[in-house]
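Participant: Supplied structure: query-v1.txt, compact mmCIF, C-alpha atoms and all ligand atoms.
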# COMPACT_ATOMS: atom_id res chain seq x y z
CA MET A 1 93.64 31.12 -13.34
CA SER A 2 92.01 27.83 -14.32
CA LEU A 3 90.97 25.31 -11.66
CA THR A 4 93.71 23.00 -12.89
CA ASP A 5 96.38 25.66 -12.49
CA ARG A 6 95.07 26.61 -9.06
CA ALA A 7 95.14 22.99 -7.95
CA ALA A 8 98.67 22.52 -9.30
CA SER A 9 100.11 25.75 -7.87
CA THR A 10 98.43 25.18 -4.49
CA PHE A 11 99.95 21.70 -4.48
CA THR A 12 103.41 23.07 -5.20
CA GLY A 13 103.01 25.71 -2.48
CA GLU A 14 101.92 23.12 0.06
CA HIS A 15 104.28 20.27 -0.76
CA GLY A 16 107.29 22.01 -2.25
CA ARG A 17 107.17 19.91 -5.43
CA ALA A 18 104.93 19.78 -8.49
CA PRO A 19 102.04 17.30 -8.54
CA GLY A 20 102.40 14.17 -10.66
CA ALA A 21 99.03 14.84 -12.30
CA VAL A 22 95.80 16.81 -12.05
CA TRP A 23 92.50 14.99 -12.61
CA SER A 24 89.11 16.64 -12.63
CA ALA A 25 85.44 15.68 -12.76
CA PRO A 26 82.29 17.74 -13.36
CA GLY A 27 78.98 18.27 -11.58
CA ARG A 28 75.82 17.58 -13.58
CA VAL A 29 72.27 18.53 -14.20
CA ASN A 30 69.82 15.77 -14.90
CA LEU A 31 67.64 16.72 -17.84
CA ILE A 32 65.04 14.13 -16.84
CA GLY A 33 64.78 10.75 -15.09
CA GLU A 34 64.72 11.44 -11.36
CA HIS A 35 64.98 8.73 -8.69
CA THR A 36 64.75 6.19 -11.49
CA ASP A 37 68.41 5.15 -11.10
CA TYR A 38 67.94 3.03 -7.97
CA ASN A 39 64.90 1.47 -9.61
CA ASP A 40 67.03 0.04 -12.46
CA GLY A 41 65.57 2.68 -14.80
CA PHE A 42 66.64 5.39 -17.24
CA VAL A 43 68.32 8.77 -16.70
CA LEU A 44 69.45 11.60 -19.00
CA PRO A 45 72.04 13.90 -17.39
CA PHE A 46 74.62 16.22 -18.88
CA ALA A 47 77.87 17.46 -17.36
CA LEU A 48 78.23 21.02 -16.12
CA PRO A 49 81.28 23.15 -16.85
CA HIS A 50 81.69 23.36 -13.06
CA ARG A 51 84.29 20.87 -11.90
CA THR A 52 86.44 19.62 -9.05
CA ALA A 53 90.16 19.32 -9.79
CA VAL A 54 92.52 17.16 -7.74
CA ALA A 55 96.28 17.62 -7.90
CA VAL A 56 97.98 14.44 -6.78
CA ALA A 57 101.34 12.83 -6.11
CA PRO A 58 101.92 9.40 -4.57
CA ARG A 59 103.44 8.91 -1.11
CA THR A 60 105.25 5.80 0.05
CA ASP A 61 103.93 5.57 3.63
CA GLY A 62 100.30 4.50 3.05
CA GLN A 63 99.03 7.85 4.36
CA LEU A 64 96.60 10.26 2.79
CA SER A 65 97.13 13.97 3.16
CA ILE A 66 94.11 15.83 1.86
CA ALA A 67 93.50 19.56 1.70
CA THR A 68 90.90 21.64 -0.06
CA LEU A 69 91.09 25.24 -1.16
CA GLY A 70 87.96 26.88 0.27
CA SER A 71 85.96 29.62 -1.40
CA ASP A 72 87.54 31.85 1.31
CA GLY A 73 90.92 31.24 -0.37
CA GLU A 74 92.12 29.34 2.70
CA LEU A 75 93.55 25.83 2.53
CA HIS A 76 91.61 23.48 4.80
CA ARG A 77 93.66 20.46 5.82
CA ALA A 78 92.18 17.16 6.95
CA PRO A 79 94.12 15.20 9.57
CA LEU A 80 96.66 12.79 8.04
CA LEU A 81 94.83 9.49 7.45
CA SER A 82 96.21 5.98 7.27
CA ILE A 83 94.60 4.15 4.33
CA THR A 84 94.54 0.83 6.18
CA GLY A 85 92.96 2.51 9.20
CA LEU A 86 90.02 4.10 7.34
CA SER A 87 86.58 3.24 8.64
CA PRO A 88 83.11 4.44 7.60
CA GLY A 89 81.94 7.88 8.65
CA GLN A 90 85.40 9.22 9.49
CA PRO A 91 86.97 11.73 9.60
CA GLY A 92 83.65 13.62 9.28
CA GLY A 93 82.89 16.77 7.26
CA TRP A 94 84.08 17.24 3.67
CA ALA A 95 87.07 14.90 4.09
CA THR A 96 84.71 11.93 4.53
CA TYR A 97 84.15 11.95 0.75
CA PRO A 98 87.77 11.55 -0.40
CA ALA A 99 88.49 9.20 2.51
CA GLY A 100 85.51 7.05 1.46
CA VAL A 101 86.85 6.73 -2.05
CA ALA A 102 90.24 5.54 -0.76
CA TRP A 103 88.41 3.06 1.48
CA ALA A 104 86.33 1.72 -1.44
CA LEU A 105 89.39 1.32 -3.68
CA ARG A 106 91.23 -0.47 -0.90
CA ASP A 107 88.17 -2.65 -0.31
CA ALA A 108 88.26 -3.60 -4.00
CA GLY A 109 91.84 -4.83 -3.58
CA ILE A 110 93.51 -1.88 -5.30
CA ALA A 111 96.84 -1.30 -3.58
CA LEU A 112 97.25 2.40 -2.84
CA PRO A 113 100.72 3.63 -1.87
CA GLY A 114 99.41 6.75 -0.09
CA ALA A 115 98.85 10.15 -1.66
CA ASP A 116 99.02 13.90 -1.28
CA LEU A 117 95.83 15.43 -2.63
CA ILE A 118 94.95 19.08 -3.16
CA ILE A 119 91.31 19.68 -4.08
CA VAL A 120 89.98 22.78 -5.81
CA GLY A 121 86.41 22.95 -7.11
CA ASP A 122 83.69 25.29 -8.26
CA VAL A 123 80.60 23.04 -8.31
CA PRO A 124 78.02 24.77 -6.06
CA THR A 125 77.64 22.63 -2.94
CA GLY A 126 74.28 21.43 -1.62
CA ALA A 127 72.67 22.69 -4.85
CA GLY A 128 71.57 19.32 -6.24
CA LEU A 129 74.30 19.63 -8.90
CA SER A 130 76.32 16.67 -7.69
CA SER A 131 79.26 18.43 -6.08
CA SER A 132 79.98 15.44 -3.85
CA HIS A 133 80.21 13.10 -6.84
CA ALA A 134 82.44 15.52 -8.76
CA LEU A 135 84.75 15.43 -5.75
CA GLU A 136 84.56 11.66 -5.33
CA CYS A 137 85.09 10.91 -9.03
CA ALA A 138 88.07 13.26 -9.31
CA VAL A 139 89.59 11.73 -6.17
CA ALA A 140 88.96 8.20 -7.49
CA LEU A 141 90.84 9.00 -10.69
CA ALA A 142 93.66 10.72 -8.80
CA LEU A 143 94.06 7.76 -6.43
CA LEU A 144 93.92 5.26 -9.29
CA HIS A 145 96.70 7.32 -10.86
CA THR A 146 98.88 6.70 -7.79
CA ALA A 147 98.26 2.96 -8.20
CA ASP A 148 99.06 3.07 -11.97
CA ARG A 149 95.46 2.02 -12.61
CA ALA A 150 93.98 5.26 -13.99
CA PRO A 151 91.92 5.15 -17.21
CA GLY A 152 94.22 4.63 -20.14
CA SER A 153 96.67 2.44 -18.24
CA GLU A 154 96.84 -1.32 -18.38
CA GLY A 155 94.55 -3.04 -15.85
CA ALA A 156 92.54 0.14 -15.29
CA PRO A 157 88.96 -0.41 -14.12
CA SER A 158 86.30 0.65 -16.65
CA LEU A 159 84.31 3.85 -16.08
CA ALA A 160 81.34 1.69 -15.06
CA GLU A 161 83.50 -0.09 -12.47
CA ILE A 162 84.82 3.23 -11.14
CA ALA A 163 81.22 4.48 -10.87
CA LEU A 164 80.36 1.40 -8.77
CA LEU A 165 83.37 1.96 -6.52
CA VAL A 166 82.33 5.57 -5.97
CA GLN A 167 78.79 4.42 -5.23
CA HIS A 168 80.20 1.95 -2.68
CA ALA A 169 82.04 4.83 -1.01
CA GLU A 170 78.95 7.01 -1.01
CA ASN A 171 76.56 4.30 0.24
CA ASP A 172 78.74 2.42 2.69
CA PHE A 173 81.26 4.99 3.92
CA SER A 174 79.50 8.36 3.71
CA GLY A 175 76.09 6.82 4.45
CA ALA A 176 74.08 8.30 1.55
CA PRO A 177 71.94 5.61 -0.15
CA THR A 178 72.29 7.11 -3.64
CA GLY A 179 72.07 5.38 -7.01
CA LEU A 180 74.42 5.47 -10.01
CA LEU A 181 73.22 8.56 -11.85
CA ASP A 182 75.72 11.10 -10.60
CA GLN A 183 78.95 9.09 -10.75
CA THR A 184 78.12 7.87 -14.24
CA ALA A 185 77.27 11.39 -15.40
CA SER A 186 80.49 12.78 -13.98
CA LEU A 187 82.64 10.04 -15.50
CA ALA A 188 80.96 9.33 -18.84
CA CYS A 189 79.32 12.53 -20.11
CA THR A 190 80.80 14.27 -23.14
CA ALA A 191 80.61 17.88 -24.30
CA ALA A 192 77.56 18.87 -26.39
CA HIS A 193 75.69 15.68 -25.42
CA ALA A 194 73.28 14.38 -22.84
CA LEU A 195 74.02 10.88 -21.59
CA PHE A 196 71.20 8.36 -21.97
CA PHE A 197 71.99 5.74 -19.34
CA ASP A 198 70.07 2.52 -18.85
CA VAL A 199 71.03 1.67 -15.30
CA ARG A 200 69.92 -1.96 -15.52
CA SER A 201 71.90 -2.89 -18.60
CA GLY A 202 74.70 -0.40 -17.96
CA GLU A 203 74.41 0.77 -21.56
CA THR A 204 75.06 4.41 -22.33
CA GLU A 205 74.38 6.46 -25.43
CA GLN A 206 75.56 9.99 -26.14
CA ILE A 207 72.57 12.01 -27.34
CA PRO A 208 73.51 15.24 -29.16
CA PHE A 209 72.14 18.14 -27.13
CA ASP A 210 72.95 21.53 -28.57
CA ALA A 211 70.12 23.71 -27.27
CA SER A 212 71.65 26.90 -28.66
CA ALA A 213 71.42 25.55 -32.22
CA SER A 214 67.63 25.52 -31.67
CA GLY A 215 67.64 29.01 -30.14
CA LEU A 216 67.23 27.56 -26.65
CA GLU A 217 69.11 27.50 -23.37
CA VAL A 218 68.99 25.44 -20.21
CA LEU A 219 68.78 27.85 -17.32
CA VAL A 220 69.81 26.46 -13.93
CA ILE A 221 68.03 28.02 -10.96
CA ASP A 222 69.83 27.17 -7.72
CA THR A 223 67.29 28.00 -5.02
CA ARG A 224 70.07 27.91 -2.39
CA VAL A 225 67.87 25.72 -0.23
CA LYS A 226 70.50 23.21 0.88
CA HIS A 227 69.68 19.55 0.60
CA SER A 228 71.40 16.44 1.93
CA HIS A 229 70.74 12.88 0.85
CA GLY A 230 72.03 11.52 4.14
CA GLU A 231 69.29 13.12 6.19
CA SER A 232 66.50 13.87 3.76
CA GLY A 233 63.56 11.72 2.75
CA TYR A 234 65.73 10.24 -0.01
CA GLY A 235 66.31 6.94 1.80
CA GLU A 236 62.65 6.73 2.74
CA ARG A 237 61.63 7.05 -0.94
CA ARG A 238 64.17 4.44 -1.92
CA ARG A 239 62.94 1.99 0.71
CA GLY A 240 59.35 2.63 -0.42
CA CYS A 241 60.23 1.71 -4.00
CA GLU A 242 62.07 -1.43 -2.90
CA ARG A 243 59.16 -2.46 -0.70
CA ALA A 244 56.74 -1.97 -3.63
CA ALA A 245 58.93 -4.09 -5.92
CA GLU A 246 59.00 -6.80 -3.26
CA LEU A 247 55.21 -6.79 -2.86
CA LEU A 248 54.81 -6.92 -6.64
CA GLU A 249 57.37 -9.73 -6.82
CA ILE A 250 59.46 -7.95 -9.44
CA LYS A 251 63.17 -7.18 -9.40
CA ALA A 252 62.70 -3.42 -9.60
CA LEU A 253 60.03 -0.87 -10.54
CA ARG A 254 61.73 -0.69 -13.94
CA ASP A 255 59.81 -3.90 -14.71
CA LEU A 256 56.46 -2.09 -14.74
CA SER A 257 54.92 -0.08 -17.57
CA VAL A 258 52.10 2.45 -17.40
CA GLU A 259 49.65 -0.23 -18.57
CA ASP A 260 50.53 -2.34 -15.51
CA LEU A 261 49.73 0.39 -13.02
CA ASP A 262 46.07 -0.46 -12.25
CA ASN A 263 46.90 -4.09 -11.54
CA ALA A 264 49.93 -3.13 -9.50
CA PHE A 265 47.95 -0.63 -7.42
CA ALA A 266 45.48 -3.36 -6.43
CA LYS A 267 48.38 -5.15 -4.69
CA LEU A 268 49.92 -2.13 -2.99
CA PRO A 269 49.07 -0.12 0.11
CA GLY A 270 47.86 3.40 -0.72
CA GLU A 271 51.03 5.17 0.41
CA LEU A 272 53.24 3.28 -2.06
CA ARG A 273 51.06 3.90 -5.13
CA PRO A 274 52.19 7.48 -5.87
CA LEU A 275 55.84 6.45 -5.55
CA VAL A 276 55.33 3.69 -8.08
CA ARG A 277 53.40 5.97 -10.42
CA HIS A 278 56.23 8.51 -10.39
CA ILE A 279 58.92 5.97 -11.23
CA VAL A 280 56.94 4.25 -13.97
CA THR A 281 55.80 7.45 -15.67
CA GLU A 282 59.22 9.05 -15.25
CA ASN A 283 60.92 6.17 -17.05
CA GLU A 284 58.48 6.61 -19.93
CA ARG A 285 59.18 10.35 -19.99
CA VAL A 286 62.92 9.70 -20.28
CA LEU A 287 62.32 7.45 -23.28
CA ALA A 288 59.99 10.03 -24.87
CA THR A 289 62.57 12.78 -24.24
CA VAL A 290 65.32 10.73 -25.88
CA ASP A 291 63.06 10.11 -28.91
CA ARG A 292 62.37 13.82 -29.28
CA LEU A 293 66.03 14.74 -28.91
CA ARG A 294 67.04 12.11 -31.46
CA ALA A 295 64.57 13.78 -33.83
CA GLY A 296 66.22 17.14 -33.11
CA ALA A 297 62.99 18.45 -31.54
CA ILE A 298 64.47 20.04 -28.42
CA ALA A 299 61.58 22.44 -27.72
CA ALA A 300 59.20 19.45 -27.80
CA ILE A 301 60.67 18.12 -24.55
CA GLY A 302 59.19 21.08 -22.65
CA PRO A 303 55.87 19.41 -21.72
CA LEU A 304 57.75 16.30 -20.54
CA LEU A 305 59.86 18.43 -18.19
CA ASN A 306 56.67 19.99 -16.81
CA GLU A 307 55.02 16.61 -16.28
CA SER A 308 58.16 15.35 -14.58
CA HIS A 309 58.08 18.25 -12.13
CA ALA A 310 54.38 17.75 -11.37
CA SER A 311 55.05 14.06 -10.74
CA MET A 312 57.87 14.84 -8.30
CA ARG A 313 55.82 17.52 -6.57
CA ASP A 314 52.54 15.62 -6.27
CA ASP A 315 53.44 11.91 -6.33
CA TYR A 316 57.03 11.57 -5.15
CA LYS A 317 56.74 14.61 -2.88
CA ILE A 318 60.37 15.69 -3.12
CA SER A 319 59.88 19.28 -4.22
CA CYS A 320 59.73 22.25 -1.87
CA PRO A 321 58.06 25.69 -2.11
CA GLU A 322 61.23 27.33 -3.49
CA LEU A 323 61.63 24.71 -6.25
CA ASP A 324 57.95 25.05 -7.16
CA LEU A 325 58.33 28.81 -7.25
CA ALA A 326 61.39 28.54 -9.51
CA VAL A 327 59.47 26.29 -11.91
CA ASP A 328 56.19 28.22 -11.81
CA SER A 329 57.78 31.64 -12.20
CA ALA A 330 59.99 30.43 -15.08
CA LEU A 331 56.96 28.96 -16.87
CA ALA A 332 54.88 32.10 -16.23
CA ALA A 333 57.70 34.13 -17.81
CA GLY A 334 57.58 32.00 -20.96
CA ALA A 335 59.93 29.05 -20.34
CA VAL A 336 59.28 26.14 -22.70
CA GLY A 337 59.49 23.66 -19.81
CA ALA A 338 60.87 23.46 -16.29
CA ARG A 339 61.47 20.96 -13.52
CA MET A 340 63.47 20.43 -10.36
CA THR A 341 66.64 18.44 -10.97
CA GLY A 342 68.54 16.04 -8.71
CA GLY A 343 67.46 14.44 -5.48
CA GLY A 344 65.10 17.21 -4.39
CA PHE A 345 64.15 18.68 -1.00
CA GLY A 346 65.99 21.82 -2.10
CA GLY A 347 68.75 22.40 -4.62
CA SER A 348 68.15 23.42 -8.22
CA ALA A 349 65.54 23.57 -10.94
CA ILE A 350 66.19 23.77 -14.67
CA ALA A 351 64.17 25.74 -17.20
CA LEU A 352 64.36 25.33 -20.95
CA VAL A 353 64.03 28.85 -22.33
CA ARG A 354 64.23 30.54 -25.71
CA THR A 355 67.42 32.58 -25.86
CA GLU A 356 65.47 35.74 -26.56
CA ASP A 357 63.37 35.13 -23.42
CA ARG A 358 66.22 34.29 -21.08
CA GLU A 359 66.67 37.74 -19.55
CA ARG A 360 62.95 38.12 -18.95
CA VAL A 361 62.71 34.66 -17.37
CA GLU A 362 65.70 35.41 -15.14
CA ARG A 363 64.24 38.74 -14.05
CA GLN A 364 60.82 37.31 -13.29
CA VAL A 365 62.26 34.39 -11.31
CA LEU A 366 64.40 36.80 -9.27
CA ASP A 367 61.39 39.10 -8.76
CA ALA A 368 59.22 36.20 -7.61
CA PHE A 369 61.80 35.21 -4.98
CA ALA A 370 62.30 38.84 -3.88
CA ALA A 371 58.54 39.37 -3.56
CA ARG A 372 58.44 36.51 -1.03
CA ALA A 373 61.56 37.70 0.76
CA LEU A 374 63.34 34.44 -0.14
CA THR A 375 67.10 34.09 -0.55
CA THR A 376 68.14 35.27 -4.02
CA PRO A 377 68.62 32.23 -6.26
CA ARG A 378 71.78 31.78 -8.33
CA LEU A 379 71.01 31.54 -12.08
CA PHE A 380 73.25 30.43 -14.91
CA THR A 381 72.96 28.91 -18.37
CA ALA A 382 74.33 25.37 -18.55
CA VAL A 383 75.95 24.04 -21.70
CA PRO A 384 76.83 20.31 -21.74
CA ALA A 385 80.53 20.02 -20.88
CA ALA A 386 83.12 17.22 -20.86
CA GLY A 387 83.18 14.38 -18.36
CA ALA A 388 86.02 13.50 -16.02
CA GLY A 389 89.58 13.24 -17.22
CA ARG A 390 93.23 14.08 -16.75
CA ASP A 391 93.96 17.78 -17.10
CA ARG A 392 97.75 17.48 -16.90
C1 LIG A 401 70.75 12.12 -6.16
C2 LIG A 401 71.37 10.74 -6.15
F1 LIG A 401 72.70 10.80 -5.86
C3 LIG A 401 71.19 10.04 -7.49
O1 LIG A 401 71.62 8.71 -7.38
C4 LIG A 401 69.74 10.09 -7.96
O2 LIG A 401 68.94 9.16 -7.28
C5 LIG A 401 69.18 11.50 -7.84
O3 LIG A 401 69.38 12.05 -6.55
C6 LIG A 401 67.70 11.56 -8.14
O4 LIG A 401 67.48 11.25 -9.47
O5 LIG A 401 71.45 12.99 -7.02
Please express what this file holds, its structure, as structure tokens.

Facilitator:
Amino acid sequence: MSLTDRAASTFTGEHGRAPGAVWSAPGRVNLIGEHTDYNDGFVLPFALPHRTAVAVAPRTDGQLSIATLGSDGELHRAPLLSITGLSPGQPGGWATYPAGVAWALRDAGIALPGADLIIVGDVPTGAGLSSSHALECAVALALLHTADRAPGSEGAPSLAEIALLVQHAENDFSGAPTGLLDQTASLACTAAHALFFDVRSGETEQIPFDASASGLEVLVIDTRVKHSHGESGYGERRRGCERAAELLEIKALRDLSVEDLDNAFAKLPGELRPLVRHIVTENERVLATVDRLRAGAIAAIGPLLNESHASMRDDYKISCPELDLAVDSALAAGAVGARMTGGGFGGSAIALVRTEDRERVERQVLDAFAARALTTPRLFTAVPAAGAGRDR
């Protein structure tokens, strides 16, 4: 049964009536452009086929009833929440994410009548594949639906505005100081394309990305090392970048190019220099990747992926032994390029591999983890899928 059907039938079982709609939103991998989003820079994600679906019907009492179908097949119910009574950090656990979205919409003056929500998803959690944003974006669309403000209706916020609302929820309710990459990817990606997003200007461009037409595949290697942006060094990196921009008297690190680095370094304390070098070189790598993809030269992005990983490992220091092992073992087995993807400190790597090499790469990655007695990673090929939308 599809996610949509599971969400709808679970809703009917729980509430004794059919949902008014089912909305869903995908997770993502970021092809390149890591930690550049909160530096006003460039990113290049694509949507995964893994999604979160939310079956929804409005209520009239201003309450939110939220339940999620766990991987154990059990329905986990959050306590009934009053939308006007929502405050940051509550109710804790998974329900903080949907509650935060309702709070952010309310904060933006969108009148919500209350809602019954049933959530069903298959985006791996804690894997750096943006499961929390898939959940938040799907909930945002479902709640907008209850307010007659969903995309397609009159007075609906734009996708960029919805992304900002979800970021507000994430930053100010859930307490994760994340940028705009994941929400924008989840909302605006399209099938068979990567999304080139200039965070400063807000401009997006769909870049055709059909790896299989070039005999290639993007292999996702989920190391199963769980990460969390709330507690990890994510906020510390972000503050370091903002401090560097302040000392350099620029709006954001986006304003620097590689040629500016020597001058910039002279004005910065030693510990901030590698952070700045990562952001500046990463932005250039995104632009070079987009150029190569526009020219249809997918295999030519391999070296850029490798440089990106080295920069995150050595300069930004957000990799971990398991991510390095995933990248190194994939490259040793013949991958064309590989890098960690997402916020880091665990989660997933991606490897661009020739289709005929995929099985060998998979086997050698699994062998490398087994030889070190590490948890077996989860591997799958990712094909760019559709962004968020109404399923029924
Ligand atoms: C996480 C964050 F949510 C994004 O905003 C982005 O900074 C990413 O890490 C790193 O590129 O996914």

Participant: For atom CA of A:Ala108 and atom CA of A:Asp182, quote the distance in Å rounded to one decimal.

Facilitator: 20.4 Å

Participant: Given the choices A:Gly387, A:Pro113, A:Gly215, A:Pro177, which gets closest to A:Gly343 if the distance is worked out from all atoms listed in the file?

Facilitator: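 For A:Gly343, the nearest of the given residues is A:Pro177.
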
Participant: What's around A:Ser82 at 8 Å? Count all atoms listed in the file, leave out sequence neighbours fewer than 5 positions away in its own chain, and write the answer as a PyMOL selection string.

Facilitator: chain A and resi 62-64

Participant: Would you list the contacts of A:Val101 as an NGL selection string, taking every protein, DNA or RNA residue within 7 Å and counting only C-alpha atoms, but skipping same-chain residues closer than 4 positions in sequence?

Facilitator: :A and (97 or 105 or 136 or 140 or 166 or 169)

Participant: Pick from A:Asp40, A:Asp328, A:Glu356, A:Glu205: nearest to ligand LIG 401 (chain A), with only C-alpha atoms and all ligand atoms counted?

Facilitator: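 Smallest separation from ligand LIG 401 (chain A) among the options: A:Asp40.
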
Participant: Can you measure atom CA of A:Leu112 to atom CA of A:Ser24 for me? One decimal in Å is fine.

Facilitator: 19.1 Å

Participant: Report as a tab-separated table: every residue of chain A with an atom at most 6 Å from ligand LIG 401 (chain A), its closest pair of atoms, and their distance in Å to one decimal, counting only C-alpha atoms and all ligand atoms, with rows sorted by chain and ascending residue number.

Facilitator:
residue	atom	partner	partner_atom	distance
A:Glu34	CA	A:LIG401	O4	3.4
A:His35	CA	A:LIG401	O4	3.6
A:Asp37	CA	A:LIG401	O2	5.6
A:Thr178	CA	A:LIG401	O1	4.1
A:Gly179	CA	A:LIG401	O1	3.4
A:Leu180	CA	A:LIG401	O1	5.0
A:Leu181	CA	A:LIG401	O1	4.8
A:Asp182	CA	A:LIG401	C3	5.6
A:Gly342	CA	A:LIG401	O5	4.5
A:Gly343	CA	A:LIG401	O3	3.2

Participant: Could you write out that same residue set with C-alpha atoms as an mmCIF file, keeping the file's coordinate frame?

Facilitator:
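Written output follows (out29.cif):
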data_model
loop_
_atom_site.group_PDB
_atom_site.id
_atom_site.type_symbol
_atom_site.label_atom_id
_atom_site.label_comp_id
_atom_site.auth_asym_id
_atom_site.auth_seq_id
_atom_site.Cartn_x
_atom_site.Cartn_y
_atom_site.Cartn_z
ATOM 1 C CA GLU A 34 64.720 11.440 -11.360
ATOM 2 C CA HIS A 35 64.980 8.730 -8.690
ATOM 3 C CA ASP A 37 68.410 5.150 -11.100
ATOM 4 C CA THR A 178 72.290 7.110 -3.640
ATOM 5 C CA GLY A 179 72.070 5.380 -7.010
ATOM 6 C CA LEU A 180 74.420 5.470 -10.010
ATOM 7 C CA LEU A 181 73.220 8.560 -11.850
ATOM 8 C CA ASP A 182 75.720 11.100 -10.600
ATOM 9 C CA GLY A 342 68.540 16.040 -8.710
ATOM 10 C CA GLY A 343 67.460 14.440 -5.480
#

Participant: Smallest atom-to-atom distance to A:Lys226: which of A:Pro157, A:Pro384, A:Pro124, A:Pro151, using all atoms listed in the file?

Facilitator: A:Pro124

Participant: For stretch 195-200 of chain A, list every protein, DNA or RNA residue within 9 Å, evaluated using only C-alpha atoms, and leave out those in the same chain fewer than 5 positions away; present the list as a list in words.

Facilitator: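 Counting only C-alpha atoms, the residues come to Thr36, Asp37, Tyr38, Asn39, Asp40, Gly41, Phe42, Val43, Leu44, Pro45, Phe46, Ala47, Leu180, Leu181, Thr184, Ala185, Ala188, Cys189, Thr190, Glu205, Gln206, Ile207, Pro208, Arg254, Val286 and Val290 of chain A.
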
Participant: Ranking A:Val22, A:Glu14, A:Arg237, A:Arg392 by minimum distance to A:Arg77 and counting only C-alpha atoms, which one comes first?

Facilitator: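 Going through A:Val22, A:Glu14, A:Arg237, A:Arg392 one by one, the smallest distance to A:Arg77 is for A:Glu14.
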